[in-house]
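Enquirer: The file below is structure20.cif, mmCIF, C-alpha atoms:
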data_my_file
#
loop_
_atom_site.label_atom_id
_atom_site.label_comp_id
_atom_site.auth_asym_id
_atom_site.auth_seq_id
_atom_site.Cartn_x
_atom_site.Cartn_y
_atom_site.Cartn_z
CA MET A 855 -21.63 -39.36 -55.30
CA PRO A 856 -22.84 -42.51 -57.06
CA LEU A 857 -21.53 -45.49 -55.12
CA GLN A 858 -21.16 -47.87 -57.96
CA ASN A 859 -22.16 -48.56 -61.49
CA ASN A 860 -23.26 -52.13 -61.71
CA ARG A 861 -24.76 -53.43 -64.95
CA GLY A 862 -26.54 -50.21 -65.76
CA ALA A 863 -27.63 -49.58 -62.18
CA ILE A 864 -26.49 -46.49 -60.29
CA LEU A 865 -26.81 -46.69 -56.52
CA PHE A 866 -27.37 -43.68 -54.31
CA ASP A 867 -26.90 -43.57 -50.57
CA HIS A 868 -29.88 -42.12 -48.75
CA ASN A 869 -29.44 -40.49 -45.39
CA HIS A 870 -32.25 -41.54 -43.17
CA ASP A 871 -32.10 -38.51 -40.94
CA GLY A 872 -33.10 -36.39 -43.91
CA ILE A 873 -30.88 -33.56 -42.72
CA ASP A 874 -27.39 -34.62 -43.71
CA ARG A 875 -26.48 -32.98 -47.01
CA ARG A 876 -23.16 -34.76 -47.50
CA GLY A 877 -24.61 -36.62 -50.39
CA PHE A 878 -26.09 -33.84 -52.50
CA LEU A 879 -26.78 -36.12 -55.37
CA LYS A 880 -27.83 -35.47 -58.86
CA CYS A 881 -29.16 -37.87 -61.37
CA MET A 882 -30.32 -36.35 -64.59
CA ALA A 883 -32.08 -38.27 -67.29
CA TRP A 884 -32.96 -36.14 -70.24
CA ALA A 885 -36.18 -36.78 -72.06
CA GLY A 886 -35.76 -39.37 -74.71
CA THR A 887 -33.33 -41.55 -72.79
CA GLY A 888 -35.75 -42.46 -70.00
CA ALA A 889 -34.99 -43.74 -66.54
CA LEU A 890 -36.51 -46.01 -63.96
CA CYS A 891 -35.85 -45.17 -60.32
CA VAL A 892 -36.59 -47.58 -57.51
CA VAL A 893 -36.31 -46.53 -53.88
CA GLN A 894 -35.81 -49.59 -51.73
CA GLY A 895 -34.94 -49.51 -48.05
CA GLY A 896 -33.65 -45.98 -48.40
CA VAL A 897 -31.47 -46.73 -51.40
CA LEU A 898 -32.42 -45.37 -54.77
CA LYS A 899 -31.55 -47.33 -57.87
CA SER A 900 -31.72 -45.78 -61.28
CA TYR A 901 -31.93 -47.95 -64.36
CA SER A 902 -31.79 -47.05 -67.98
CA LEU A 903 -34.99 -47.87 -69.83
CA SER A 904 -32.79 -49.54 -72.42
CA ASP A 905 -32.43 -52.56 -70.10
CA PRO A 906 -35.93 -54.09 -70.00
CA SER A 907 -34.94 -56.99 -67.71
CA HIS A 908 -34.94 -54.59 -64.73
CA LEU A 909 -38.24 -53.01 -65.67
CA ASP A 910 -40.30 -56.18 -65.25
CA LYS A 911 -39.26 -56.53 -61.62
CA ALA A 912 -40.20 -52.97 -60.78
CA ALA A 913 -43.50 -52.96 -62.63
CA LYS A 914 -45.30 -54.94 -59.93
CA GLY A 915 -46.49 -52.99 -56.94
CA GLU A 916 -49.50 -52.18 -54.77
CA LEU A 917 -49.99 -48.77 -56.27
CA SER A 918 -49.30 -47.69 -59.80
CA PHE A 919 -50.15 -44.28 -61.22
CA VAL A 920 -49.19 -42.11 -64.15
CA GLN A 921 -48.08 -38.49 -64.25
CA ILE A 922 -48.67 -36.38 -67.34
CA SER A 923 -47.90 -32.70 -67.61
CA ASP A 924 -47.94 -29.55 -69.69
CA SER A 925 -50.47 -30.53 -72.34
CA HIS A 926 -50.73 -26.81 -73.31
CA MET A 927 -53.96 -27.39 -75.22
CA GLY A 928 -54.40 -24.51 -77.68
CA PHE A 929 -50.68 -24.16 -78.46
CA ASN A 930 -50.28 -24.18 -82.24
CA LYS A 931 -46.79 -22.84 -82.95
CA PRO A 932 -44.11 -24.64 -85.00
CA ALA A 933 -42.66 -26.45 -81.94
CA ASN A 934 -45.80 -28.65 -82.12
CA PRO A 935 -48.77 -27.76 -84.31
CA ASP A 936 -50.65 -30.87 -83.09
CA VAL A 937 -50.86 -30.90 -79.28
CA VAL A 938 -54.16 -32.81 -79.58
CA GLY A 939 -52.38 -35.63 -81.40
CA THR A 940 -49.54 -35.86 -78.90
CA LEU A 941 -51.91 -35.86 -75.89
CA LYS A 942 -53.88 -38.67 -77.56
CA ALA A 943 -50.58 -40.53 -78.06
CA ALA A 944 -49.86 -40.10 -74.33
CA VAL A 945 -53.25 -41.64 -73.50
CA GLN A 946 -52.52 -44.55 -75.84
CA LYS A 947 -49.21 -45.05 -74.02
CA ILE A 948 -51.06 -45.11 -70.68
CA ASN A 949 -53.70 -47.51 -71.96
CA ALA A 950 -50.98 -49.88 -73.20
CA LEU A 951 -49.41 -50.31 -69.73
CA THR A 952 -49.55 -53.93 -68.51
CA VAL A 953 -50.75 -52.80 -65.08
CA PRO A 954 -53.53 -50.23 -65.53
CA PRO A 955 -52.72 -47.17 -63.40
CA GLU A 956 -54.87 -46.41 -60.39
CA PHE A 957 -55.12 -42.76 -61.41
CA ILE A 958 -53.56 -40.04 -63.54
CA LEU A 959 -51.91 -36.94 -62.08
CA HIS A 960 -51.79 -33.93 -64.39
CA THR A 961 -49.18 -31.51 -63.04
CA GLY A 962 -50.50 -28.40 -64.74
CA ASP A 963 -50.50 -26.26 -67.84
CA ILE A 964 -53.51 -28.25 -68.95
CA SER A 965 -54.38 -25.37 -71.27
CA HIS A 966 -52.21 -22.82 -73.07
CA LEU A 967 -54.41 -19.74 -72.57
CA SER A 968 -56.94 -20.81 -69.89
CA LYS A 969 -59.72 -20.95 -72.48
CA SER A 970 -62.71 -23.11 -71.63
CA GLU A 971 -62.57 -24.90 -74.99
CA GLU A 972 -58.94 -25.83 -74.28
CA PHE A 973 -59.91 -27.40 -70.94
CA ASP A 974 -62.86 -29.12 -72.67
CA THR A 975 -60.58 -30.74 -75.24
CA VAL A 976 -58.19 -32.10 -72.60
CA ASP A 977 -61.09 -33.43 -70.51
CA GLN A 978 -62.52 -35.21 -73.55
CA ILE A 979 -59.19 -36.81 -74.48
CA LEU A 980 -58.50 -37.94 -70.91
CA GLN A 981 -61.92 -39.60 -70.70
CA SER A 982 -60.56 -42.34 -72.96
CA ALA A 983 -57.73 -43.14 -70.52
CA SER A 984 -57.82 -46.43 -68.64
CA ALA A 985 -57.29 -44.78 -65.25
CA LYS A 986 -60.32 -44.46 -63.00
CA ASP A 987 -59.43 -41.15 -61.41
CA LEU A 988 -57.82 -37.90 -62.54
CA PHE A 989 -56.07 -35.44 -60.24
CA PHE A 990 -54.84 -32.00 -61.22
CA VAL A 991 -52.81 -29.06 -59.99
CA PRO A 992 -52.79 -25.80 -61.96
CA GLY A 993 -49.93 -24.44 -64.04
CA GLU A 994 -49.51 -20.72 -64.65
CA HIS A 995 -51.19 -21.13 -68.04
CA ASP A 996 -54.36 -22.42 -66.33
CA VAL A 997 -54.94 -19.38 -64.14
CA LEU A 998 -54.51 -16.51 -66.63
CA GLU A 999 -56.80 -13.47 -66.37
CA ASP A 1000 -59.20 -14.78 -63.69
CA ASP A 1001 -56.87 -15.71 -60.79
CA GLY A 1002 -57.73 -19.36 -61.30
CA LYS A 1003 -61.51 -19.03 -60.88
CA GLN A 1004 -62.32 -21.24 -63.86
CA TYR A 1005 -59.65 -23.76 -62.90
CA LEU A 1006 -61.17 -24.09 -59.41
CA GLU A 1007 -64.69 -24.47 -60.81
CA ARG A 1008 -63.53 -27.30 -63.08
CA TYR A 1009 -60.87 -29.12 -61.06
CA GLY A 1010 -60.92 -27.65 -57.57
CA LYS A 1011 -63.80 -29.48 -55.91
CA ASN A 1012 -62.79 -30.63 -52.43
CA THR A 1013 -59.64 -28.52 -52.49
CA LYS A 1014 -58.46 -25.73 -50.24
CA GLY A 1015 -57.33 -22.19 -51.10
CA ALA A 1016 -56.11 -21.89 -54.69
CA GLY A 1017 -56.62 -25.63 -55.22
CA TRP A 1018 -54.34 -27.54 -52.86
CA TYR A 1019 -55.41 -30.87 -51.34
CA SER A 1020 -54.22 -34.27 -50.16
CA PHE A 1021 -55.52 -37.82 -50.39
CA ASP A 1022 -54.47 -41.36 -49.52
CA LYS A 1023 -54.17 -44.33 -51.86
CA LYS A 1024 -53.10 -47.75 -50.65
CA GLY A 1025 -50.95 -46.46 -47.84
CA VAL A 1026 -49.36 -43.65 -49.86
CA HIS A 1027 -50.14 -40.03 -48.87
CA LEU A 1028 -50.36 -37.75 -51.90
CA ILE A 1029 -50.30 -33.95 -51.66
CA GLY A 1030 -51.17 -31.58 -54.53
CA LEU A 1031 -49.68 -28.09 -54.09
CA VAL A 1032 -50.29 -24.85 -56.01
CA ASN A 1033 -47.19 -22.72 -56.67
CA VAL A 1034 -48.33 -20.60 -59.64
CA MET A 1035 -50.46 -17.95 -57.92
CA ASN A 1036 -49.54 -14.43 -56.74
CA LEU A 1037 -46.10 -14.55 -58.34
CA LYS A 1038 -43.89 -11.65 -57.30
CA ALA A 1039 -41.72 -9.52 -59.62
CA GLY A 1040 -38.27 -11.04 -59.94
CA GLY A 1041 -39.32 -14.23 -58.15
CA MET A 1042 -40.05 -17.86 -59.01
CA GLY A 1043 -42.94 -20.14 -58.03
CA SER A 1044 -44.65 -19.39 -54.73
CA LEU A 1045 -46.63 -21.46 -52.22
CA GLY A 1046 -47.53 -18.72 -49.76
CA ALA A 1047 -47.99 -18.68 -46.00
CA GLU A 1048 -51.55 -20.02 -45.96
CA GLN A 1049 -50.69 -23.11 -48.00
CA LEU A 1050 -47.50 -23.78 -46.03
CA GLN A 1051 -49.49 -23.68 -42.81
CA TRP A 1052 -52.00 -26.12 -44.27
CA LEU A 1053 -49.19 -28.46 -45.39
CA GLU A 1054 -47.57 -28.49 -41.96
CA HIS A 1055 -50.92 -29.42 -40.44
CA ASP A 1056 -51.71 -31.98 -43.16
CA VAL A 1057 -48.63 -34.14 -42.50
CA ARG A 1058 -48.39 -33.58 -38.74
CA ASP A 1059 -50.15 -36.76 -37.67
CA LEU A 1060 -48.78 -39.12 -40.31
CA SER A 1061 -46.38 -41.85 -39.23
CA LYS A 1062 -42.86 -41.30 -40.49
CA SER A 1063 -42.96 -44.58 -42.41
CA THR A 1064 -45.81 -43.29 -44.64
CA PRO A 1065 -44.56 -42.87 -48.20
CA VAL A 1066 -45.32 -39.28 -49.23
CA VAL A 1067 -45.77 -38.04 -52.79
CA VAL A 1068 -45.91 -34.27 -53.34
CA PHE A 1069 -46.89 -32.92 -56.74
CA ALA A 1070 -46.99 -29.35 -58.05
CA HIS A 1071 -46.53 -27.60 -61.37
CA MET A 1072 -43.31 -25.64 -60.91
CA PRO A 1073 -40.27 -27.49 -59.57
CA LEU A 1074 -39.99 -27.55 -55.77
CA TRP A 1075 -36.20 -27.50 -56.09
CA ASN A 1076 -34.14 -24.77 -57.68
CA ILE A 1077 -33.29 -26.18 -61.08
CA TYR A 1078 -32.39 -22.91 -62.80
CA PRO A 1079 -33.41 -19.72 -60.98
CA GLU A 1080 -32.26 -17.58 -63.93
CA TRP A 1081 -35.26 -18.92 -65.83
CA GLY A 1082 -37.49 -18.98 -62.76
CA TRP A 1083 -37.31 -22.78 -62.58
CA GLY A 1084 -37.89 -23.21 -58.88
CA THR A 1085 -40.15 -22.17 -56.01
CA ASP A 1086 -39.14 -19.37 -53.64
CA ASP A 1087 -40.54 -20.94 -50.47
CA SER A 1088 -40.08 -24.64 -51.30
CA ALA A 1089 -37.44 -25.14 -48.58
CA GLN A 1090 -40.08 -24.33 -45.96
CA ALA A 1091 -42.42 -26.94 -47.46
CA LEU A 1092 -39.69 -29.58 -47.59
CA SER A 1093 -38.75 -28.91 -43.96
CA TYR A 1094 -42.13 -30.37 -42.94
CA LEU A 1095 -41.27 -33.59 -44.79
CA LYS A 1096 -37.81 -34.22 -43.33
CA ARG A 1097 -38.93 -36.83 -40.84
CA PHE A 1098 -40.45 -39.12 -43.46
CA GLY A 1099 -38.48 -42.08 -44.74
CA SER A 1100 -39.59 -41.74 -48.35
CA VAL A 1101 -40.67 -38.53 -50.08
CA THR A 1102 -41.15 -38.23 -53.82
CA VAL A 1103 -41.69 -34.80 -55.41
CA LEU A 1104 -43.21 -34.69 -58.89
CA ASN A 1105 -43.27 -31.54 -61.01
CA GLY A 1106 -43.77 -30.40 -64.58
CA HIS A 1107 -43.20 -26.91 -66.04
CA ILE A 1108 -39.74 -27.39 -67.56
CA HIS A 1109 -40.85 -29.77 -70.34
CA GLN A 1110 -38.04 -32.27 -69.84
CA THR A 1111 -37.33 -35.07 -67.40
CA MET A 1112 -34.83 -34.47 -64.64
CA GLN A 1113 -34.15 -36.14 -61.31
CA LYS A 1114 -32.33 -35.32 -58.13
CA VAL A 1115 -31.99 -37.13 -54.83
CA GLU A 1116 -31.35 -35.15 -51.69
CA GLY A 1117 -31.50 -36.88 -48.34
CA ASN A 1118 -34.86 -38.63 -48.07
CA VAL A 1119 -36.36 -36.76 -51.03
CA THR A 1120 -36.41 -37.81 -54.66
CA PHE A 1121 -37.27 -34.99 -57.06
CA HIS A 1122 -38.58 -35.72 -60.50
CA THR A 1123 -39.83 -33.50 -63.31
CA ALA A 1124 -41.92 -34.97 -66.10
CA ALA A 1125 -41.83 -34.37 -69.82
CA SER A 1126 -44.55 -32.34 -71.53
CA THR A 1127 -47.08 -33.95 -73.83
CA ALA A 1128 -46.95 -30.81 -76.01
CA PHE A 1129 -43.49 -29.41 -76.76
CA PRO A 1130 -39.92 -29.67 -75.43
CA GLN A 1131 -37.98 -26.83 -73.79
CA PRO A 1132 -34.20 -26.38 -73.80
CA HIS A 1133 -31.88 -27.70 -71.12
CA PRO A 1134 -31.14 -25.06 -68.46
CA GLY A 1135 -29.06 -22.25 -69.95
CA ALA A 1136 -28.72 -24.01 -73.32
CA ALA A 1137 -30.71 -21.33 -75.16
CA PRO A 1138 -31.30 -17.59 -74.79
CA SER A 1139 -34.68 -18.31 -73.17
CA PRO A 1140 -36.82 -21.23 -71.99
CA GLY A 1141 -39.23 -20.84 -74.94
CA PRO A 1142 -40.57 -23.80 -76.95
CA MET A 1143 -37.82 -25.75 -78.68
CA LYS A 1144 -38.35 -26.52 -82.36
CA VAL A 1145 -36.93 -29.91 -83.26
CA PRO A 1146 -37.24 -31.91 -86.50
CA ALA A 1147 -40.76 -33.42 -86.70
CA GLU A 1148 -39.45 -36.99 -86.56
CA GLN A 1149 -37.67 -36.26 -83.25
CA LEU A 1150 -40.56 -34.51 -81.49
CA ARG A 1151 -42.27 -37.52 -79.92
CA ALA A 1152 -38.98 -38.76 -78.49
CA LEU A 1153 -38.88 -35.55 -76.42
CA LEU A 1154 -42.46 -35.79 -75.13
CA GLY A 1155 -43.73 -38.36 -72.69
CA VAL A 1156 -45.57 -39.78 -69.71
CA THR A 1157 -44.27 -40.86 -66.29
CA ASP A 1158 -45.32 -44.09 -64.60
CA VAL A 1159 -44.99 -44.22 -60.80
CA ASN A 1160 -45.07 -47.50 -58.91
CA TYR A 1161 -45.16 -48.16 -55.19
CA VAL A 1162 -44.23 -51.59 -53.79
CA ARG A 1163 -45.29 -51.75 -50.16
CA LYS A 1164 -43.26 -54.77 -49.06
CA ARG A 1165 -40.05 -53.36 -50.49
CA ARG A 1166 -40.78 -49.80 -49.33
CA ALA A 1167 -40.09 -48.89 -52.89
CA LEU A 1168 -41.33 -46.13 -55.15
CA ALA A 1169 -40.36 -46.40 -58.79
CA VAL A 1170 -40.56 -43.64 -61.35
CA ILE A 1171 -40.41 -44.62 -65.01
CA ASP A 1172 -40.35 -42.11 -67.86
CA SER A 1173 -41.35 -43.18 -71.31
CA THR A 1174 -41.44 -41.11 -74.46
CA LEU A 1175 -44.25 -40.87 -76.99
CA ALA A 1176 -41.95 -42.09 -79.80
CA MET B 512 -30.07 11.99 -123.51
CA ARG B 513 -28.97 14.79 -121.20
CA LYS B 514 -32.32 16.50 -121.38
CA ARG B 515 -34.13 13.27 -120.65
CA SER B 516 -32.07 12.69 -117.50
CA TRP B 517 -32.88 16.18 -116.34
CA ILE B 518 -36.62 15.58 -116.82
CA LEU B 519 -36.40 12.29 -114.99
CA CYS B 520 -34.57 14.01 -112.17
CA VAL B 521 -37.26 16.67 -111.84
CA ALA B 522 -39.98 14.04 -112.02
CA ALA B 523 -38.28 11.99 -109.32
CA SER B 524 -37.97 15.04 -107.08
CA MET B 525 -41.66 15.77 -107.50
CA VAL B 526 -42.56 12.22 -106.61
CA LEU B 527 -40.34 12.39 -103.54
CA ALA B 528 -41.85 15.70 -102.49
CA LEU B 529 -45.35 14.31 -102.91
CA ALA B 530 -44.43 11.21 -100.97
CA ALA B 531 -42.92 13.27 -98.20
CA LEU B 532 -45.99 15.48 -97.83
CA PRO B 533 -48.35 12.98 -96.21
CA THR B 534 -45.55 11.92 -93.83
CA VAL B 535 -45.18 15.46 -92.61
CA GLU B 536 -48.90 15.79 -92.16
CA LYS B 537 -49.09 12.45 -90.38
CA SER B 538 -46.42 13.27 -87.84
CA MET B 539 -48.06 16.60 -87.15
CA ALA B 540 -51.41 14.93 -86.64
CA ALA B 541 -50.08 11.88 -84.72
CA GLY B 542 -50.29 13.54 -81.33
CA PRO B 543 -48.27 12.03 -78.49
CA PRO B 544 -44.80 10.60 -79.10
CA THR B 545 -44.68 6.81 -79.25
CA VAL B 546 -42.07 4.29 -78.10
CA ASP B 547 -41.99 0.52 -78.63
CA VAL B 548 -40.83 -2.18 -76.21
CA LYS B 549 -40.20 -5.62 -77.65
CA ILE B 550 -40.89 -8.82 -75.74
CA ASP B 551 -38.54 -11.47 -77.10
CA ASN B 552 -36.81 -14.45 -75.54
CA PHE B 553 -38.54 -13.87 -72.20
CA SER B 554 -37.17 -10.34 -71.81
CA PHE B 555 -38.24 -6.73 -72.30
CA THR B 556 -36.11 -4.63 -74.70
CA PRO B 557 -35.18 -2.01 -73.72
CA ALA B 558 -35.39 -3.19 -70.13
CA THR B 559 -35.21 0.41 -68.88
CA LEU B 560 -37.00 3.09 -70.82
CA THR B 561 -36.86 6.84 -70.15
CA VAL B 562 -39.65 8.88 -71.75
CA LYS B 563 -41.24 12.31 -71.55
CA ALA B 564 -44.62 12.50 -69.82
CA GLY B 565 -47.41 11.83 -72.28
CA THR B 566 -45.46 9.25 -74.30
CA GLN B 567 -47.43 6.30 -75.59
CA ILE B 568 -45.55 3.04 -74.90
CA THR B 569 -46.47 -0.10 -76.86
CA TRP B 570 -45.26 -3.57 -75.88
CA THR B 571 -45.39 -6.32 -78.55
CA ASN B 572 -45.00 -10.00 -77.68
CA GLY B 573 -42.69 -11.69 -80.20
CA ASP B 574 -42.49 -15.00 -78.25
CA ASP B 575 -44.37 -18.24 -78.88
CA ILE B 576 -45.46 -18.13 -75.24
CA PRO B 577 -47.94 -15.63 -73.74
CA HIS B 578 -46.68 -12.84 -71.52
CA THR B 579 -48.16 -9.96 -69.54
CA VAL B 580 -47.01 -6.44 -68.69
CA VAL B 581 -47.96 -5.57 -65.11
CA SER B 582 -46.59 -2.68 -63.07
CA ASP B 583 -45.53 -3.64 -59.55
CA ALA B 584 -47.86 -0.98 -58.13
CA GLN B 585 -50.67 -2.00 -60.55
CA SER B 586 -50.48 1.41 -62.32
CA PHE B 587 -50.91 -0.50 -65.55
CA LYS B 588 -51.80 -4.08 -66.32
CA SER B 589 -52.14 -5.73 -69.72
CA LYS B 590 -54.36 -8.65 -70.51
CA VAL B 591 -52.51 -11.82 -71.46
CA LEU B 592 -50.62 -11.11 -74.70
CA ASP B 593 -50.38 -14.06 -77.05
CA THR B 594 -47.88 -14.04 -79.92
CA ASP B 595 -47.82 -10.67 -81.78
CA GLU B 596 -50.41 -9.11 -79.48
CA LYS B 597 -49.80 -5.57 -78.20
CA PHE B 598 -50.42 -3.52 -75.09
CA THR B 599 -50.30 0.28 -75.02
CA PHE B 600 -49.95 2.51 -71.99
CA THR B 601 -49.70 6.29 -71.98
CA ALA B 602 -47.16 7.41 -69.41
CA SER B 603 -48.81 10.59 -68.18
CA LYS B 604 -47.47 10.97 -64.64
CA PRO B 605 -43.74 11.46 -64.00
CA GLY B 606 -42.16 8.76 -61.89
CA THR B 607 -40.47 5.36 -62.03
CA TYR B 608 -42.67 2.41 -62.91
CA SER B 609 -41.18 -1.04 -62.31
CA TYR B 610 -43.09 -3.75 -64.12
CA PHE B 611 -42.90 -7.51 -64.76
CA CYS B 612 -44.58 -10.42 -66.54
CA SER B 613 -46.99 -11.91 -64.01
CA ILE B 614 -46.70 -15.33 -65.71
CA HIS B 615 -42.87 -15.32 -65.82
CA PRO B 616 -41.91 -13.00 -62.95
CA LYS B 617 -38.20 -13.25 -63.72
CA MET B 618 -39.03 -10.94 -66.63
CA THR B 619 -38.77 -7.40 -65.29
CA GLY B 620 -38.53 -3.90 -66.78
CA LYS B 621 -38.69 -0.25 -65.81
CA VAL B 622 -40.25 2.87 -67.30
CA VAL B 623 -38.92 6.24 -66.12
CA VAL B 624 -41.31 9.08 -66.95
CA GLU B 625 -39.74 12.56 -66.82
#
Take the structure from the file and write it as structure tokens.
Expert:
Amino acid sequence: MPLQNNRGAILFDHNHDGIDRRGFLKCMAWAGTGALCVVQGGVLKSYSLSDPSHLDKAAKGELSFVQISDSHMGFNKPANPDVVGTLKAAVQKINALTVPPEFILHTGDISHLSKSEEFDTVDQILQSASAKDLFFVPGEHDVLEDDGKQYLERYGKNTKGAGWYSFDKKGVHLIGLVNVMNLKAGGMGSLGAEQLQWLEHDVRDLSKSTPVVVFAHMPLWNIYPEWGWGTDDSAQALSYLKRFGSVTVLNGHIHQTMQKVEGNVTFHTAASTAFPQPHPGAAPSPGPMKVPAEQLRALLGVTDVNYVRKRRALAVIDSTLA
Amino acid sequence: MRKRSWILCVAASMVLALAALPTVEKSMAAGPPTVDVKIDNFSFTPATLTVKAGTQITWTNGDDIPHTVVSDAQSFKSKVLDTDEKFTFTASKPGTYSYFCSIHPKMTGKVVVE
């Protein structure tokens, strides 16, 4: 349970053993409100974006990167007839950050129908972003028809299997996972045995003080299984990360921001740059949510992630496109 | 007045008969029976369908999100269906065919062919 509520800050107790589940904690920040989370010495603080005095402190760190997700290029239905315009707005938001991000993570559903012209358009728009590097993982919309062949040709250089990989930036170990391939009837997202084996091996020799960031398209925690919002074998993946002091899991797919802290792991889903989806169970299906045009950009957004080495802190800030 | 109504009535009957004729011909010429399955709100309706062998089944995607129709045993597999796109499969062999949307695997359905 939240320990206290002090001037807009909510404190969460982290269990350093990473096993104890006594504090199964939930912190949800719906798109549009925005939240800043700072993990410091095992304690996560969550601030409302409406209090800018806290944001300045957290904005300085050794590593700063941005997550965008679900650009669904090619989507043209009433929920957003201009996904080009909203992706450009996301890039403008990124380029306006005081500290230019080291890189951009795109957590999948780059395209709507896996068409090459859809990928081309996203690539062109992202070229104007201030970040030096771009990293991707596929969403289910990026691997339609061809089992991800085109995705791998475009974005999968130096990756393993269906496109999984890891890299290090300024002391942070980042891992991109693919959980949208070989989905089974009645199931949710899937990592598969081969990828799990690779993951176990990938983190085996890291020191437990290494901050770890895992990113994938579908949530690696069960948000709403009724709508398939989860990954069947995510518990196995997370078991390999228990010994680390700080693990941050970034996902997309559900087109709204949501956070949860469990033990040593902070889970975070990012907003879409294309269209919002309903809160779990709030509609008959998870289909695109049509909102009045003037409200749309308040429900879309980008996520800014900041790592401060000295404070052992990882901060996640959501901002809308409004 | 009375006579006029009578003529109108006869005329109307003739029109109806003429209109009905092509329908009769069409159904005779249409060949296999057809059944529709709707894809709406991330679900197949009806979720379970029982048909006679030889029935032509057509799925139509009414969602703003693409879906697929894939039998678990790969007996049939649609391409990706965008909004309003259709997939037709002729159920020739008796048996039970479980199927799902390979993009949203929580969406499942069943065709029973008698």
Enquirer: What do you get, as an mmCIF file with C-alpha atoms, keeping the file's coordinate frame, if you spell out every residue that the PyMOL selection byres ((chain A) within 6 of (chain B)) selects here?
Expert:
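Contents of the output file part-v3.cif:
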data_model
loop_
_atom_site.group_PDB
_atom_site.id
_atom_site.type_symbol
_atom_site.label_atom_id
_atom_site.label_comp_id
_atom_site.auth_asym_id
_atom_site.auth_seq_id
_atom_site.Cartn_x
_atom_site.Cartn_y
_atom_site.Cartn_z
ATOM 1 C CA ALA A 1039 -41.720 -9.520 -59.620
ATOM 2 C CA GLY A 1040 -38.270 -11.040 -59.940
ATOM 3 C CA GLY A 1041 -39.320 -14.230 -58.150
ATOM 4 C CA GLY A 1082 -37.490 -18.980 -62.760
ATOM 5 C CA SER A 1139 -34.680 -18.310 -73.170
#
Enquirer: One number please: CA of Ile958 (chain A) to CA of Leu988 (chain A), in Å, one decimal.
Expert: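 Separating CA of Ile958 (chain A) from CA of Leu988 (chain A) is a distance of 4.9 Å.
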Enquirer: Evaluate the PyMOL selection byres ((chain A and resi 1131) around 8) here and jot the selected residues down as an mmCIF file with C-alpha atoms, keeping the file's coordinate frame.
Expert:
data_model
loop_
_atom_site.group_PDB
_atom_site.id
_atom_site.type_symbol
_atom_site.label_atom_id
_atom_site.label_comp_id
_atom_site.auth_asym_id
_atom_site.auth_seq_id
_atom_site.Cartn_x
_atom_site.Cartn_y
_atom_site.Cartn_z
ATOM 1 C CA ILE A 1108 -39.740 -27.390 -67.560
ATOM 2 C CA HIS A 1109 -40.850 -29.770 -70.340
ATOM 3 C CA GLN A 1110 -38.040 -32.270 -69.840
ATOM 4 C CA PHE A 1129 -43.490 -29.410 -76.760
ATOM 5 C CA PRO A 1130 -39.920 -29.670 -75.430
ATOM 6 C CA PRO A 1132 -34.200 -26.380 -73.800
ATOM 7 C CA HIS A 1133 -31.880 -27.700 -71.120
ATOM 8 C CA PRO A 1140 -36.820 -21.230 -71.990
ATOM 9 C CA GLY A 1141 -39.230 -20.840 -74.940
ATOM 10 C CA PRO A 1142 -40.570 -23.800 -76.950
ATOM 11 C CA MET A 1143 -37.820 -25.750 -78.680
#
Enquirer: I need the output of the PyMOL selection byres ((chain B and resi 557-561) around 7) for this file as a list in words; which residues are they?
Expert: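 On this input, the PyMOL selection byres ((chain B and resi 557-561) around 7) captures Val548, Phe555, Thr556, Val562, Gly620, Lys621, Val622, Val623 and Val624 of chain B.
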Enquirer: What's the 10 Å shell around Ala1176 (chain A), counting all atoms listed in the file, without same-chain residues fewer than 5 positions away, as a list in words?
Expert: Gly886, Thr940, Ala943, Ala944, Lys947, Glu1148, Gln1149, Leu1150, Arg1151, Ala1152, Leu1153, Leu1154 and Gly1155 of chain A
Enquirer: Can you tell me how far CA of Pro543 (chain B) sits from CA of Val580 (chain B), in Å to one decimal?
Expert: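 Spanning CA of Pro543 (chain B) to CA of Val580 (chain B) is a straight-line distance of 20.9 Å.
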Enquirer: Name all residues at most 12 Å from Asp936 (chain A) (count only C-alpha atoms; drop same-chain ones fewer than 5 positions away) and give them as a short mmCIF file (atom, residue, chain, number, x, y, z; two decimals) with C-alpha atoms, in the frame of the given file.
Expert:
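File selection01.cif, as written:
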data_model
loop_
_atom_site.label_atom_id
_atom_site.label_comp_id
_atom_site.auth_asym_id
_atom_site.auth_seq_id
_atom_site.Cartn_x
_atom_site.Cartn_y
_atom_site.Cartn_z
CA SER A 925 -50.47 -30.53 -72.34
CA HIS A 926 -50.73 -26.81 -73.31
CA MET A 927 -53.96 -27.39 -75.22
CA GLY A 928 -54.40 -24.51 -77.68
CA PHE A 929 -50.68 -24.16 -78.46
CA ASN A 930 -50.28 -24.18 -82.24
CA LYS A 931 -46.79 -22.84 -82.95
CA LEU A 941 -51.91 -35.86 -75.89
CA LYS A 942 -53.88 -38.67 -77.56
CA ALA A 943 -50.58 -40.53 -78.06
CA THR A 1127 -47.08 -33.95 -73.83
CA ALA A 1128 -46.95 -30.81 -76.01
CA PHE A 1129 -43.49 -29.41 -76.76
CA ALA A 1147 -40.76 -33.42 -86.70
CA LEU A 1150 -40.56 -34.51 -81.49
CA ARG A 1151 -42.27 -37.52 -79.92
#
Enquirer: Expressed in Å to a single decimal, how great is the separation between CA of Gly565 (chain B) and CA of Ala584 (chain B)?
Expert: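 One can read the CA of Gly565 (chain B) to CA of Ala584 (chain B) distance as 19.1 Å.
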Enquirer: Considering all atoms listed in the file, state which residue in the set A:Asp1059, A:Asp1158, A:Asp1000, A:Glu994 is at the smallest distance from Val1032 (chain A).
Expert: A:Glu994
